[in-house]
file coords-v8.txt (compact mmCIF, C-alpha atoms)
# COMPACT_ATOMS: atom_id res chain seq x y z
CA MET A 1 0.00 0.00 0.00
CA CYS A 2 1.29 3.43 -0.87
CA SER A 3 1.77 5.46 2.27
CA GLN A 4 0.87 8.53 0.24
CA LYS A 5 0.36 8.72 -3.53
CA CYS A 6 0.90 6.21 -6.31
CA PRO A 7 2.45 5.35 -8.59
CA GLN A 8 5.46 7.41 -9.72
CA LEU A 9 5.70 10.20 -7.18
CA GLY A 10 5.06 8.57 -3.86
CA ARG A 11 6.50 6.89 -0.81
CA LEU A 12 6.37 3.41 -2.33
CA LEU A 13 5.94 1.99 -5.85
CA LEU A 14 3.14 -0.50 -5.20
CA LEU A 15 0.34 -0.87 -7.72
CA GLY A 16 -3.37 -1.57 -7.45
CA PRO A 17 -3.60 -2.18 -3.68
CA GLU A 18 -6.71 -3.92 -2.35
CA ILE A 19 -7.44 -3.37 1.35
CA ASN A 20 -9.28 -6.17 3.12
CA GLN A 21 -10.28 -6.75 6.74
CA ASP A 22 -10.73 -10.28 8.06
CA ASN A 23 -10.65 -11.80 11.55
CA GLY A 24 -9.64 -8.54 13.20
CA LYS A 25 -6.70 -7.83 10.90
CA THR A 26 -6.19 -5.53 7.94
CA TYR A 27 -4.57 -6.97 4.82
CA VAL A 28 -3.19 -5.07 1.83
CA TYR A 29 -2.80 -7.07 -1.36
CA TYR A 30 -0.46 -5.27 -3.73
CA SER A 31 1.40 -5.64 -7.03
CA ALA A 32 5.08 -4.79 -7.38
CA HIS A 33 8.13 -5.76 -9.38
CA LYS A 34 10.33 -8.43 -7.92
CA LYS A 35 13.95 -7.37 -7.80
CA GLY A 36 15.23 -8.13 -11.27
CA GLY A 37 11.92 -9.73 -12.19
CA ASN A 38 8.39 -9.15 -13.39
CA LEU A 39 5.26 -7.98 -11.57
CA ALA A 40 3.95 -10.16 -8.76
CA VAL A 41 1.19 -10.07 -6.14
CA GLY A 42 2.15 -9.75 -2.48
CA VAL A 43 0.40 -9.14 0.82
CA ALA A 44 1.06 -7.24 4.04
CA SER A 45 -0.91 -7.28 7.29
CA ALA A 46 -1.45 -5.15 10.38
CA ASP A 47 -3.48 -5.24 13.57
CA ARG A 48 -4.77 -1.74 12.79
CA PRO A 49 -5.58 -0.09 9.45
CA GLU A 50 -2.97 2.62 10.05
CA GLY A 51 -0.24 0.02 10.64
CA PRO A 52 2.51 -0.78 11.21
CA TYR A 53 2.37 -3.43 8.47
CA ARG A 54 4.26 -6.67 8.22
CA ASP A 55 5.09 -7.63 4.64
CA HIS A 56 4.53 -11.34 3.99
CA GLY A 57 6.14 -11.17 0.58
CA PHE A 58 5.01 -12.33 -2.82
CA LEU A 59 2.26 -14.91 -3.33
CA VAL A 60 2.35 -15.35 -7.10
CA GLY A 61 4.51 -14.07 -9.95
CA GLN A 62 3.98 -15.68 -13.35
CA PRO A 63 6.45 -15.25 -16.24
CA ALA A 64 4.17 -12.72 -17.95
CA GLY A 65 3.50 -11.00 -14.61
CA SER A 66 0.74 -11.21 -12.02
CA ILE A 67 -1.25 -8.20 -10.75
CA ASP A 68 -4.50 -7.05 -9.11
CA GLY A 69 -4.80 -9.52 -6.24
CA PHE A 70 -8.21 -9.77 -4.55
CA PRO A 71 -9.10 -12.06 -1.61
CA MET A 72 -12.43 -13.90 -1.69
CA ARG A 73 -13.99 -16.71 0.31
CA ASP A 74 -15.91 -19.31 -1.66
CA GLU A 75 -19.35 -20.75 -0.91
CA LYS A 76 -17.74 -23.05 1.69
CA GLY A 77 -15.84 -20.25 3.43
CA GLN A 78 -12.47 -21.25 2.01
CA LEU A 79 -10.10 -18.38 1.28
CA TYR A 80 -8.92 -17.77 -2.30
CA LEU A 81 -6.72 -15.26 -4.06
CA VAL A 82 -8.10 -13.93 -7.34
CA TRP A 83 -5.66 -12.21 -9.72
CA LYS A 84 -4.91 -11.31 -13.33
CA GLU A 85 -2.17 -12.90 -15.39
CA ASP A 86 -0.59 -9.93 -17.16
CA GLY A 87 -0.64 -11.55 -20.58
CA ASN A 88 -1.14 -8.29 -22.45
CA SER A 89 2.46 -7.42 -21.55
CA VAL A 90 3.57 -10.18 -23.94
CA LYS A 91 0.66 -9.90 -26.42
CA GLU A 92 -1.21 -12.84 -24.92
CA PRO A 93 -4.71 -13.19 -23.37
CA THR A 94 -5.27 -12.14 -19.76
CA PRO A 95 -6.83 -14.96 -17.71
CA ILE A 96 -8.35 -14.20 -14.32
CA TRP A 97 -7.21 -16.93 -11.92
CA ALA A 98 -8.31 -18.15 -8.49
CA GLN A 99 -6.29 -20.32 -6.12
CA ARG A 100 -6.59 -21.34 -2.48
CA LEU A 101 -4.73 -19.11 -0.03
CA ASN A 102 -3.78 -20.30 3.43
CA GLU A 103 -5.25 -18.49 6.42
CA GLU A 104 -1.84 -17.06 7.32
CA ARG A 105 -1.75 -15.37 3.88
CA THR A 106 1.76 -16.62 3.31
CA ALA A 107 1.29 -19.09 0.42
CA LEU A 108 -1.08 -20.36 -2.24
CA THR A 109 -2.07 -24.02 -2.07
CA GLY A 110 -3.47 -26.51 -4.55
CA GLU A 111 -4.02 -25.74 -8.23
CA LYS A 112 -5.12 -22.50 -9.83
CA THR A 113 -8.41 -22.31 -11.76
CA GLU A 114 -9.18 -19.95 -14.62
CA LEU A 115 -12.40 -18.01 -14.05
CA PHE A 116 -12.62 -16.09 -17.35
CA ARG A 117 -10.49 -14.07 -19.77
CA ASN A 118 -10.81 -11.32 -22.39
CA THR A 119 -13.16 -12.66 -25.08
CA ALA A 120 -15.63 -9.84 -25.89
CA PRO A 121 -14.74 -7.22 -28.53
CA TRP A 122 -15.24 -4.29 -26.11
CA GLU A 123 -12.66 -5.85 -23.74
CA GLY A 124 -9.83 -5.37 -26.22
CA ASN A 125 -6.57 -7.00 -25.18
CA LEU A 126 -7.24 -7.36 -21.47
CA VAL A 127 -9.50 -7.84 -18.49
CA GLU A 128 -8.13 -6.89 -15.07
CA GLY A 129 -8.80 -5.27 -11.71
CA VAL A 130 -11.38 -7.79 -10.51
CA ALA A 131 -13.35 -6.89 -7.38
CA MET A 132 -15.82 -9.46 -6.07
CA VAL A 133 -18.91 -9.36 -3.93
CA ARG A 134 -21.48 -12.00 -3.02
CA HIS A 135 -25.11 -10.93 -3.43
CA ASN A 136 -28.08 -13.27 -3.02
CA ASP A 137 -27.26 -16.46 -4.92
CA TYR A 138 -24.30 -15.21 -6.94
CA PHE A 139 -20.69 -14.14 -6.80
CA TYR A 140 -20.25 -10.99 -8.88
CA ALA A 141 -16.92 -9.99 -10.42
CA PHE A 142 -16.67 -6.32 -11.39
CA TYR A 143 -13.75 -5.96 -13.79
CA ALA A 144 -12.01 -3.41 -16.01
CA ALA A 145 -11.16 -3.98 -19.65
CA ASN A 146 -9.38 -2.46 -22.65
CA GLY A 147 -6.84 0.40 -22.51
CA CYS A 148 -6.46 1.87 -19.04
CA CYS A 149 -4.38 4.92 -19.51
CA GLY A 150 -3.13 7.90 -21.38
CA SER A 151 -4.68 10.10 -24.05
CA GLY A 152 -6.01 7.16 -26.07
CA CYS A 153 -7.51 5.22 -23.15
CA THR A 154 -10.58 3.03 -23.80
CA TYR A 155 -11.15 1.69 -20.27
CA ALA A 156 -14.63 0.63 -19.15
CA THR A 157 -16.15 -1.69 -16.53
CA GLY A 158 -17.96 -4.99 -16.97
CA VAL A 159 -19.43 -7.59 -14.65
CA ALA A 160 -19.65 -11.37 -14.61
CA ARG A 161 -21.36 -13.72 -12.16
CA ALA A 162 -21.30 -17.33 -10.98
CA LYS A 163 -23.08 -19.40 -8.33
CA ASN A 164 -19.77 -20.95 -7.29
CA LEU A 165 -16.53 -19.05 -6.96
CA LEU A 166 -14.69 -21.35 -9.35
CA GLY A 167 -17.42 -21.05 -11.94
CA PRO A 168 -18.77 -21.41 -14.49
CA TRP A 169 -18.80 -17.60 -14.95
CA GLU A 170 -21.32 -15.73 -17.10
CA LYS A 171 -20.56 -12.26 -18.45
CA TYR A 172 -23.41 -9.75 -18.57
CA ASP A 173 -24.72 -9.33 -22.11
CA LYS A 174 -25.15 -5.58 -21.52
CA ASN A 175 -21.49 -4.97 -20.69
CA PRO A 176 -19.87 -2.55 -20.26
CA ILE A 177 -21.97 -1.39 -17.33
CA LEU A 178 -19.78 1.64 -16.61
CA ALA A 179 -18.59 3.73 -19.54
CA PRO A 180 -17.39 7.30 -20.20
CA ASN A 181 -19.67 10.34 -20.04
CA ASP A 182 -19.25 14.07 -20.52
CA THR A 183 -17.52 14.46 -17.15
CA TRP A 184 -15.50 11.27 -16.61
CA LYS A 185 -13.40 9.29 -19.06
CA CYS A 186 -12.18 5.68 -18.89
CA PRO A 187 -13.82 4.54 -15.61
CA GLY A 188 -12.60 1.27 -14.16
CA HIS A 189 -10.72 -0.82 -11.60
CA GLY A 190 -12.52 -0.34 -8.32
CA THR A 191 -14.04 -1.91 -5.23
CA VAL A 192 -17.67 -2.57 -4.33
CA VAL A 193 -18.94 -0.82 -1.20
CA GLN A 194 -22.28 -1.26 0.61
CA HIS A 195 -23.44 1.45 3.01
CA ASP A 196 -26.90 2.00 4.54
CA ASN A 197 -28.46 -0.51 2.13
CA ARG A 198 -27.03 1.38 -0.87
CA TRP A 199 -24.43 0.02 -3.25
CA TYR A 200 -21.44 1.89 -4.66
CA PHE A 201 -18.44 1.25 -6.85
CA LEU A 202 -15.31 3.18 -5.80
CA HIS A 203 -13.09 3.37 -8.89
CA HIS A 204 -10.76 5.66 -10.79
CA ALA A 205 -11.41 7.73 -13.90
CA TYR A 206 -10.03 10.76 -15.70
CA LYS A 207 -11.93 13.99 -15.43
CA ASN A 208 -12.40 15.24 -18.99
CA GLU A 209 -11.27 18.69 -17.91
CA GLY A 210 -7.56 18.34 -17.24
CA PHE A 211 -7.33 14.67 -18.18
CA GLN A 212 -3.68 13.50 -18.08
CA ASN A 213 -2.41 16.68 -16.44
CA ILE A 214 -4.38 15.88 -13.32
CA GLY A 215 -4.25 12.10 -13.67
CA ARG A 216 -6.83 9.57 -12.60
CA GLN A 217 -9.07 10.47 -9.67
CA GLY A 218 -11.23 8.52 -7.26
CA VAL A 219 -14.93 8.42 -8.21
CA LEU A 220 -17.83 6.95 -6.24
CA SER A 221 -20.60 5.69 -8.54
CA GLU A 222 -23.88 4.32 -7.16
CA PHE A 223 -25.61 1.27 -8.60
CA THR A 224 -28.72 -0.82 -7.92
CA TRP A 225 -29.65 -4.44 -8.66
CA ASN A 226 -32.16 -4.97 -11.48
CA ALA A 227 -34.91 -7.58 -11.67
CA GLU A 228 -32.55 -10.09 -13.31
CA GLY A 229 -30.03 -9.65 -10.51
CA TRP A 230 -27.45 -7.61 -12.47
CA PRO A 231 -25.97 -4.30 -11.27
CA GLU A 232 -27.11 -1.11 -13.02
CA PHE A 233 -25.48 2.27 -12.43
CA THR A 234 -27.52 5.32 -11.53
CA GLY A 235 -28.10 7.39 -14.66
CA GLY A 236 -27.27 4.48 -16.94
CA SER A 237 -23.76 3.21 -17.53
CA THR A 238 -21.93 6.39 -16.58
CA PRO A 239 -20.46 7.53 -13.25
CA ALA A 240 -22.26 10.34 -11.51
CA THR A 241 -20.98 13.88 -11.95
CA GLN A 242 -19.28 15.10 -8.79
CA THR A 243 -18.39 18.63 -7.75
CA ALA A 244 -15.28 18.91 -5.61
CA ASN A 245 -14.61 21.61 -3.04
CA LEU A 246 -11.37 22.95 -4.46
CA GLU A 247 -10.42 24.66 -1.22
CA GLN A 248 -9.82 21.31 0.41
CA TYR A 249 -6.84 20.85 -1.91
CA ASP A 250 -5.22 24.21 -1.08
CA VAL A 251 -1.85 24.05 0.67
CA THR A 252 -0.08 26.55 2.93
CA ASP A 253 3.01 25.03 4.48
CA GLU A 254 5.29 27.23 6.58
CA PHE A 255 7.21 24.20 7.82
CA ASP A 256 6.52 25.00 11.46
CA GLY A 257 5.75 21.42 12.50
CA PRO A 258 8.13 18.76 13.76
CA ALA A 259 8.23 16.91 10.43
CA LEU A 260 7.34 17.25 6.77
CA GLY A 261 3.60 17.02 6.07
CA LEU A 262 2.32 13.70 4.79
CA ALA A 263 0.96 15.15 1.54
CA TRP A 264 4.46 15.83 0.19
CA GLN A 265 5.72 13.35 -2.40
CA TRP A 266 8.90 12.57 -4.28
CA PRO A 267 10.10 10.33 -7.13
CA VAL A 268 10.31 6.77 -5.95
CA THR A 269 13.69 6.40 -7.65
CA ALA A 270 15.18 9.58 -6.13
CA LYS A 271 14.11 9.91 -2.50
CA PRO A 272 15.51 13.19 -1.15
CA LYS A 273 17.04 13.82 2.25
CA ILE A 274 14.70 16.07 4.22
CA ALA A 275 14.54 17.78 7.59
CA VAL A 276 12.24 20.39 9.13
CA ARG A 277 13.94 22.71 11.62
CA GLU A 278 13.20 26.18 12.99
CA GLY A 279 10.31 26.79 10.61
CA LYS A 280 12.22 25.84 7.48
CA LEU A 281 12.28 22.92 5.11
CA GLN A 282 15.87 21.72 4.83
CA LEU A 283 16.22 19.98 1.47
CA THR A 284 19.54 18.32 0.71
CA VAL A 285 20.67 18.97 -2.84
CA ARG A 286 21.01 16.20 -5.41
CA PRO A 287 23.49 16.40 -8.32
CA GLU A 288 21.17 14.89 -10.97
CA VAL A 289 19.98 17.33 -13.60
CA ALA A 290 16.48 17.51 -12.08
CA GLY A 291 17.91 17.87 -8.58
CA ALA A 292 16.11 16.88 -5.39
CA LEU A 293 12.35 17.09 -5.96
CA LEU A 294 9.42 17.48 -3.58
CA GLY A 295 5.89 17.91 -4.91
CA GLN A 296 2.22 18.25 -4.11
CA THR A 297 -0.52 16.62 -6.18
CA THR A 298 -2.52 18.93 -8.43
CA TYR A 299 -6.26 18.27 -8.62
CA THR A 300 -7.37 21.10 -10.89
CA THR A 301 -6.30 22.56 -14.21
CA ASN A 302 -5.93 26.13 -12.89
CA TYR A 303 -3.88 26.90 -9.81
CA THR A 304 -1.18 29.16 -8.40
CA ALA A 305 1.81 27.88 -6.44
CA THR A 306 4.55 29.86 -4.70
CA THR A 307 7.67 29.24 -2.67
CA GLN A 308 9.79 31.61 -0.61
CA PHE A 309 13.42 31.43 0.53
CA ASP A 310 16.54 33.52 1.11
CA PRO A 311 18.73 33.34 -2.03
CA THR A 312 21.70 34.90 -0.22
CA MET A 313 22.03 31.68 1.77
CA LEU A 314 22.35 29.41 -1.26
CA PRO A 315 25.62 27.46 -1.23
CA THR A 316 28.04 27.84 -4.12
CA GLY A 317 27.03 25.87 -7.19
CA VAL A 318 23.44 25.32 -6.01
CA GLN A 319 20.22 26.17 -7.84
CA ALA A 320 16.93 26.11 -5.96
CA GLY A 321 13.39 27.12 -6.71
CA LEU A 322 9.90 26.25 -7.88
CA THR A 323 9.03 23.40 -10.23
CA THR A 324 6.23 21.58 -11.99
CA ILE A 325 7.00 17.87 -12.18
CA GLY A 326 6.02 15.14 -14.58
CA ASN A 327 8.83 12.83 -13.48
CA VAL A 328 12.60 13.01 -12.99
CA GLU A 329 13.12 13.51 -16.74
CA ASN A 330 10.33 16.01 -17.40
CA THR A 331 10.09 19.21 -15.38
CA LEU A 332 9.71 22.98 -15.70
CA ALA A 333 11.51 25.16 -13.16
CA LEU A 334 12.35 28.70 -12.11
CA THR A 335 15.48 28.65 -9.98
CA ALA A 336 17.90 31.01 -8.27
CA GLY A 337 21.64 30.43 -8.04
CA GLY A 338 25.00 31.84 -9.06
CA GLY A 339 23.66 35.39 -9.13
CA LYS A 340 20.99 34.50 -11.71
CA LEU A 341 17.32 33.61 -11.97
CA ARG A 342 16.90 30.92 -14.61
CA LEU A 343 13.81 29.54 -16.30
CA TRP A 344 14.42 26.10 -17.76
CA GLN A 345 12.81 22.89 -18.81
CA LEU A 346 13.92 19.29 -18.60
CA LYS A 347 12.37 17.30 -21.44
CA LYS A 348 13.17 13.63 -21.84
CA GLY A 349 16.20 14.22 -19.64
CA LYS A 350 17.63 17.06 -21.75
CA ARG A 351 17.83 20.49 -20.14
CA GLU A 352 17.02 23.65 -22.10
CA ASN A 353 17.45 27.12 -20.63
CA MET A 354 14.54 29.39 -21.58
CA GLY A 355 15.73 32.68 -20.12
CA GLU A 356 17.69 34.27 -17.30
CA VAL A 357 17.98 37.59 -15.48
CA ALA A 358 20.20 38.95 -12.74
CA LEU A 359 19.12 37.74 -9.32
CA PRO A 360 17.39 40.63 -7.53
CA LYS A 361 18.86 41.82 -4.26
CA GLY A 362 17.20 40.91 -1.00
CA LYS A 363 16.62 38.00 1.32
CA ASN A 364 12.93 37.48 0.68
CA LEU A 365 12.66 35.98 -2.81
CA THR A 366 9.27 34.53 -3.79
CA LEU A 367 8.75 32.49 -6.94
CA ARG A 368 5.36 31.84 -8.53
CA VAL A 369 3.85 29.57 -11.17
CA GLN A 370 0.32 29.89 -12.51
CA ALA A 371 -1.19 26.92 -14.37
CA GLU A 372 -3.86 27.49 -17.00
CA GLY A 373 -5.90 24.73 -18.56
CA GLY A 374 -3.66 22.05 -17.12
CA ASN A 375 -0.68 22.46 -19.45
CA LYS A 376 0.12 26.17 -19.79
CA TYR A 377 2.42 27.72 -17.17
CA ARG A 378 3.36 31.31 -16.39
CA PHE A 379 6.30 31.97 -14.07
CA ALA A 380 7.11 35.14 -12.10
CA TYR A 381 9.31 36.31 -9.23
CA SER A 382 9.05 38.86 -6.45
CA PRO A 383 12.04 40.36 -4.60
CA ASP A 384 9.85 41.73 -1.80
CA GLY A 385 7.86 38.77 -0.54
CA GLY A 386 5.02 39.04 -3.05
CA GLN A 387 4.40 42.78 -3.01
CA THR A 388 5.44 43.27 -6.64
CA TRP A 389 5.94 40.73 -9.43
CA GLN A 390 8.11 40.42 -12.52
CA ASN A 391 7.27 37.95 -15.27
CA MET A 392 9.76 35.33 -16.35
CA PRO A 393 10.22 35.63 -19.27
CA ALA A 394 9.50 39.36 -19.31
CA SER A 395 6.88 38.94 -22.06
CA GLY A 396 4.72 36.95 -19.67
CA ASP A 397 4.13 34.31 -22.35
CA ALA A 398 2.78 30.98 -21.16
CA ILE A 399 5.05 27.96 -21.49
CA ASP A 400 3.70 24.76 -23.02
CA GLY A 401 4.05 22.02 -20.42
CA SER A 402 2.02 19.36 -22.22
CA PHE A 403 5.11 17.14 -22.24
CA LEU A 404 5.17 16.94 -18.44
CA PRO A 405 2.83 14.10 -17.42
CA PRO A 406 4.17 10.89 -18.95
CA TRP A 407 1.43 8.28 -19.51
CA ASP A 408 -1.14 9.30 -16.89
CA LEU A 409 0.75 10.22 -13.76
CA GLY A 410 -0.50 13.79 -13.43
CA VAL A 411 1.55 16.90 -12.68
CA ARG A 412 2.94 17.74 -9.25
CA VAL A 413 4.10 21.20 -8.23
CA GLY A 414 6.74 21.83 -5.61
CA VAL A 415 10.35 22.71 -4.91
CA LEU A 416 13.75 21.55 -6.10
CA ALA A 417 17.40 21.87 -5.15
CA GLN A 418 20.15 20.97 -7.61
CA GLY A 419 23.92 20.97 -7.20
CA PRO A 420 26.59 19.33 -5.01
CA SER A 421 25.00 16.62 -2.88
CA SER A 422 26.63 17.86 0.34
CA ALA A 423 24.70 21.16 0.27
CA THR A 424 21.32 22.00 1.83
CA VAL A 425 18.68 24.58 0.86
CA ALA A 426 16.27 26.12 3.39
CA PHE A 427 12.74 26.92 2.13
CA ASP A 428 10.56 29.21 4.26
CA ARG A 429 7.15 28.65 2.74
CA PHE A 430 5.13 26.90 0.06
CA THR A 431 1.55 27.59 -1.07
CA LEU A 432 -0.84 26.01 -3.57
CA ASP A 433 -4.15 27.75 -4.32
CA ASN A 434 -6.70 26.16 -6.64
CA GLN A 435 -9.03 28.16 -8.85

call {"tool": "encode", "arguments": {"input": "coords-v8.txt", "output": "structure tokens"}}
result
Amino acid sequence: MCSQKCPQLGRLLLLGPEINQDNGKTYVYYSAHKKGGNLAVGVASADRPEGPYRDHGFLVGQPAGSIDGFPMRDEKGQLYLVWKEDGNSVKEPTPIWAQRLNEERTALTGEKTELFRNTAPWEGNLVEGVAMVRHNDYFYAFYAANGCCGSGCTYATGVARAKNLLGPWEKYDKNPILAPNDTWKCPGHGTVVQHDNRWYFLHHAYKNEGFQNIGRQGVLSEFTWNAEGWPEFTGGSTPATQTANLEQYDVTDEFDGPALGLAWQWPVTAKPKIAVREGKLQLTVRPEVAGALLGQTTYTTNYTATTQFDPTMLPTGVQAGLTTIGNVENTLALTAGGGKLRLWQLKKGKRENMGEVALPKGKNLTLRVQAEGGNKYRFAYSPDGGQTWQNMPASGDAIDGSFLPPWDLGVRVGVLAQGPSSATVAFDRFTLDNQ
């Protein structure tokens, strides 16, 4: 389970976690790469949902990869693990398997059984993300199919049912039951939730406004059971439109606590060294071209972010400032260092300087980025703590940042420090205001 955000900028690189409670314990079934190997399904457990967790290791890892583990007890109460064989990674079908799991959750036992695979035209080259629930006389498997991610995604949700866990399974002839609408695109891969005699499917989808720049978001879609016993989503096959309170995503961090706030994230492959002391974020510099990166998730297409620090305290050879982050090879940044303010981009690992000016005098430098429409960015700086602003570049032209979010990870906005790895930069403040 990711302790904060998944997948690329986060505390851990664990995919598709399924949280399950059984016999007073909380279990997290996750997918991750074995060291030097392919994807596999593992499990961790804790006495409390907040942890600490004990990792029991991998349960199954097939040559093509194994993902999307889901625990389910059969009609006799015997525990099984249900998962997807990642055949699409090698241009093969994607069977959904079930196999007995011991009560300690440490090993599979017996033989695996195929439940179903991608056979319908709408499913494309895969079925995955199975979530099961037992209702009346049937087991129901909600599953995702087709292309999950990116600008050309075709994801949708189907359902199959069986009277016995090991089958035979029947797919609904009206699949997909959850498809795109004017608000949400590519809905799929979720978990069934029952609350106060109402049924919901908690899943991810792209919001049409912002799409890849924001990344996939959590959506709660309500469904009912029809006369034939199949699930039907409120309003047809589309998830309900939801209006978010944007203020809940605003950030003002003056680093006055004992530790860094939990919402901060970093690249899983480049964890920075961090400390919070005397009301300042102490970020140890990294020598890689992108530097040490810390970011906050963006949830809207229009926002303003700022950071404030004393440029006179920057060590020799260090650049520090404000950045929008796709990943460690794709960033936009406005940084101070060496007597200069520099605007630059890192695209596919290659740095390009886009303008520079003399660093203004003073100890209260504030940098600002304003996002427009999810992929246009305007940078500015203030030498007097935000009283007056100067555009960077001076024309005030927006910079095209559509290259930032690779695949579907979404853009983060935050701070960076680049230079000799022995140096440290002190940031006084960071804000993120959504519009």

call {"tool": "closest_residue", "arguments": {"input": "coords-v8.txt", "among": "A:Asn197, A:Lys340, A:Thr300, A:Val328", "to": "Glu247 (chain A)", "atoms": "all atoms listed in the file"}}
result
A:Thr300

call {"tool": "closest_residue", "arguments": {"input": "coords-v8.txt", "among": "A:Asn118, A:Tyr155, A:Lys163, A:Asp196", "to": "Trp184 (chain A)", "atoms": "all atoms listed in the file"}}
result
A:Tyr155

call {"tool": "residues_around", "arguments": {"input": "coords-v8.txt", "residues": "region 132-140 of chain A", "least_positions_apart": "5", "cutoff": "8 Å", "atoms": "all atoms listed in the file", "output": "ChimeraX atom specification"}}
result
/A:70,72,159-165,191-192

call {"tool": "residues_around", "arguments": {"input": "coords-v8.txt", "residues": "Gly396 (chain A)", "least_positions_apart": "5", "cutoff": "8 Å", "atoms": "all atoms listed in the file", "output": "short mmCIF file (atom, residue, chain, number, x, y, z; two decimals) with C-alpha atoms, keeping the file's coordinate frame"}}
result
data_model
loop_
_atom_site.label_atom_id
_atom_site.label_comp_id
_atom_site.auth_asym_id
_atom_site.auth_seq_id
_atom_site.Cartn_x
_atom_site.Cartn_y
_atom_site.Cartn_z
CA ARG A 378 3.36 31.31 -16.39
CA PHE A 379 6.30 31.97 -14.07
CA ASN A 391 7.27 37.95 -15.27
#

call {"tool": "closest_residue", "arguments": {"input": "coords-v8.txt", "among": "A:Lys34, A:Lys25, A:Arg429, A:Lys280", "to": "Ala46 (chain A)", "atoms": "only C-alpha atoms"}}
result
A:Lys25

call {"tool": "residues_around", "arguments": {"input": "coords-v8.txt", "residues": "Glu222 (chain A)", "least_positions_apart": "3", "cutoff": "10 Å", "atoms": "all atoms listed in the file", "output": "PyMOL selection string"}}
result
chain A and resi 192-194+198-202+219+231-235+238-240

call {"tool": "closest_residue", "arguments": {"input": "coords-v8.txt", "among": "A:Pro180, A:Gly218, A:Pro393, A:Gly150", "to": "Pro406 (chain A)", "atoms": "only C-alpha atoms"}}
result
A:Gly150

call {"tool": "closest_residue", "arguments": {"input": "coords-v8.txt", "among": "A:Leu365, A:Leu260, A:Cys149, A:Ala394", "to": "Pro311 (chain A)", "atoms": "all atoms listed in the file"}}
result
A:Leu365

call {"tool": "residues_around", "arguments": {"input": "coords-v8.txt", "residues": "region 121-127 of chain A", "least_positions_apart": "5", "cutoff": "9 Å", "atoms": "all atoms listed in the file", "output": "PDB file with C-alpha atoms, in the frame of the given file"}}
result
ATOM      1  CA  LYS A  84      -4.910 -11.310 -13.330  1.00  0.00           C
ATOM      2  CA  ASP A  86      -0.590  -9.930 -17.160  1.00  0.00           C
ATOM      3  CA  GLY A  87      -0.640 -11.550 -20.580  1.00  0.00           C
ATOM      4  CA  ASN A  88      -1.140  -8.290 -22.450  1.00  0.00           C
ATOM      5  CA  LYS A  91       0.660  -9.900 -26.420  1.00  0.00           C
ATOM      6  CA  GLU A  92      -1.210 -12.840 -24.920  1.00  0.00           C
ATOM      7  CA  PRO A  93      -4.710 -13.190 -23.370  1.00  0.00           C
ATOM      8  CA  THR A  94      -5.270 -12.140 -19.760  1.00  0.00           C
ATOM      9  CA  PRO A  95      -6.830 -14.960 -17.710  1.00  0.00           C
ATOM     10  CA  ILE A  96      -8.350 -14.200 -14.320  1.00  0.00           C
ATOM     11  CA  PHE A 116     -12.620 -16.090 -17.350  1.00  0.00           C
ATOM     12  CA  TYR A 143     -13.750  -5.960 -13.790  1.00  0.00           C
ATOM     13  CA  ALA A 144     -12.010  -3.410 -16.010  1.00  0.00           C
ATOM     14  CA  ALA A 145     -11.160  -3.980 -19.650  1.00  0.00           C
ATOM     15  CA  ASN A 146      -9.380  -2.460 -22.650  1.00  0.00           C
ATOM     16  CA  GLY A 147      -6.840   0.400 -22.510  1.00  0.00           C
ATOM     17  CA  THR A 154     -10.580   3.030 -23.800  1.00  0.00           C
ATOM     18  CA  TYR A 155     -11.150   1.690 -20.270  1.00  0.00           C
ATOM     19  CA  ALA A 156     -14.630   0.630 -19.150  1.00  0.00           C
ATOM     20  CA  GLY A 158     -17.960  -4.990 -16.970  1.00  0.00           C
ATOM     21  CA  ASN A 175     -21.490  -4.970 -20.690  1.00  0.00           C
ATOM     22  CA  PRO A 176     -19.870  -2.550 -20.260  1.00  0.00           C
TER      23      PRO A 176
END

call {"tool": "closest_residue", "arguments": {"input": "coords-v8.txt", "among": "A:Asn208, A:Thr157, A:Thr26, A:Ser382", "to": "Arg105 (chain A)", "atoms": "all atoms listed in the file"}}
result
A:Thr26

call {"tool": "residues_near_point", "arguments": {"input": "coords-v8.txt", "point": "(-5.3, -1.0, 11.6)", "cutoff": "12 Å", "atoms": "only C-alpha atoms", "output": "PyMOL selection string"}}
result
chain A and resi 19-22+24-28+44-54

call {"tool": "atom_distance", "arguments": {"input": "coords-v8.txt", "atom1": "CA of Pro267 (chain A)", "atom2": "CA of Gln62 (chain A)"}}
result
27.4 Å

call {"tool": "atom_distance", "arguments": {"input": "coords-v8.txt", "atom1": "CA of Gly385 (chain A)", "atom2": "CA of Gln308 (chain A)"}}
result
7.4 Å

call {"tool": "residues_around", "arguments": {"input": "coords-v8.txt", "residues": "Leu281 (chain A)", "least_positions_apart": "6", "cutoff": "6 Å", "atoms": "all atoms listed in the file", "output": "PDB file with C-alpha atoms, in the coordinates of the input"}}
result
ATOM      1  CA  PHE A 255       7.210  24.200   7.820  1.00  0.00           C
ATOM      2  CA  ALA A 426      16.270  26.120   3.390  1.00  0.00           C
ATOM      3  CA  PHE A 427      12.740  26.920   2.130  1.00  0.00           C
TER       4      PHE A 427
END

call {"tool": "atom_distance", "arguments": {"input": "coords-v8.txt", "atom1": "CA of Thr119 (chain A)", "atom2": "CA of Phe223 (chain A)"}}
result
24.9 Å

call {"tool": "residues_near_point", "arguments": {"input": "coords-v8.txt", "point": "(12.4, 17.2, 4.8)", "cutoff": "9 Å", "atoms": "only C-alpha atoms", "output": "PyMOL selection string"}}
result
chain A and resi 259-261+272-277+281-284+294
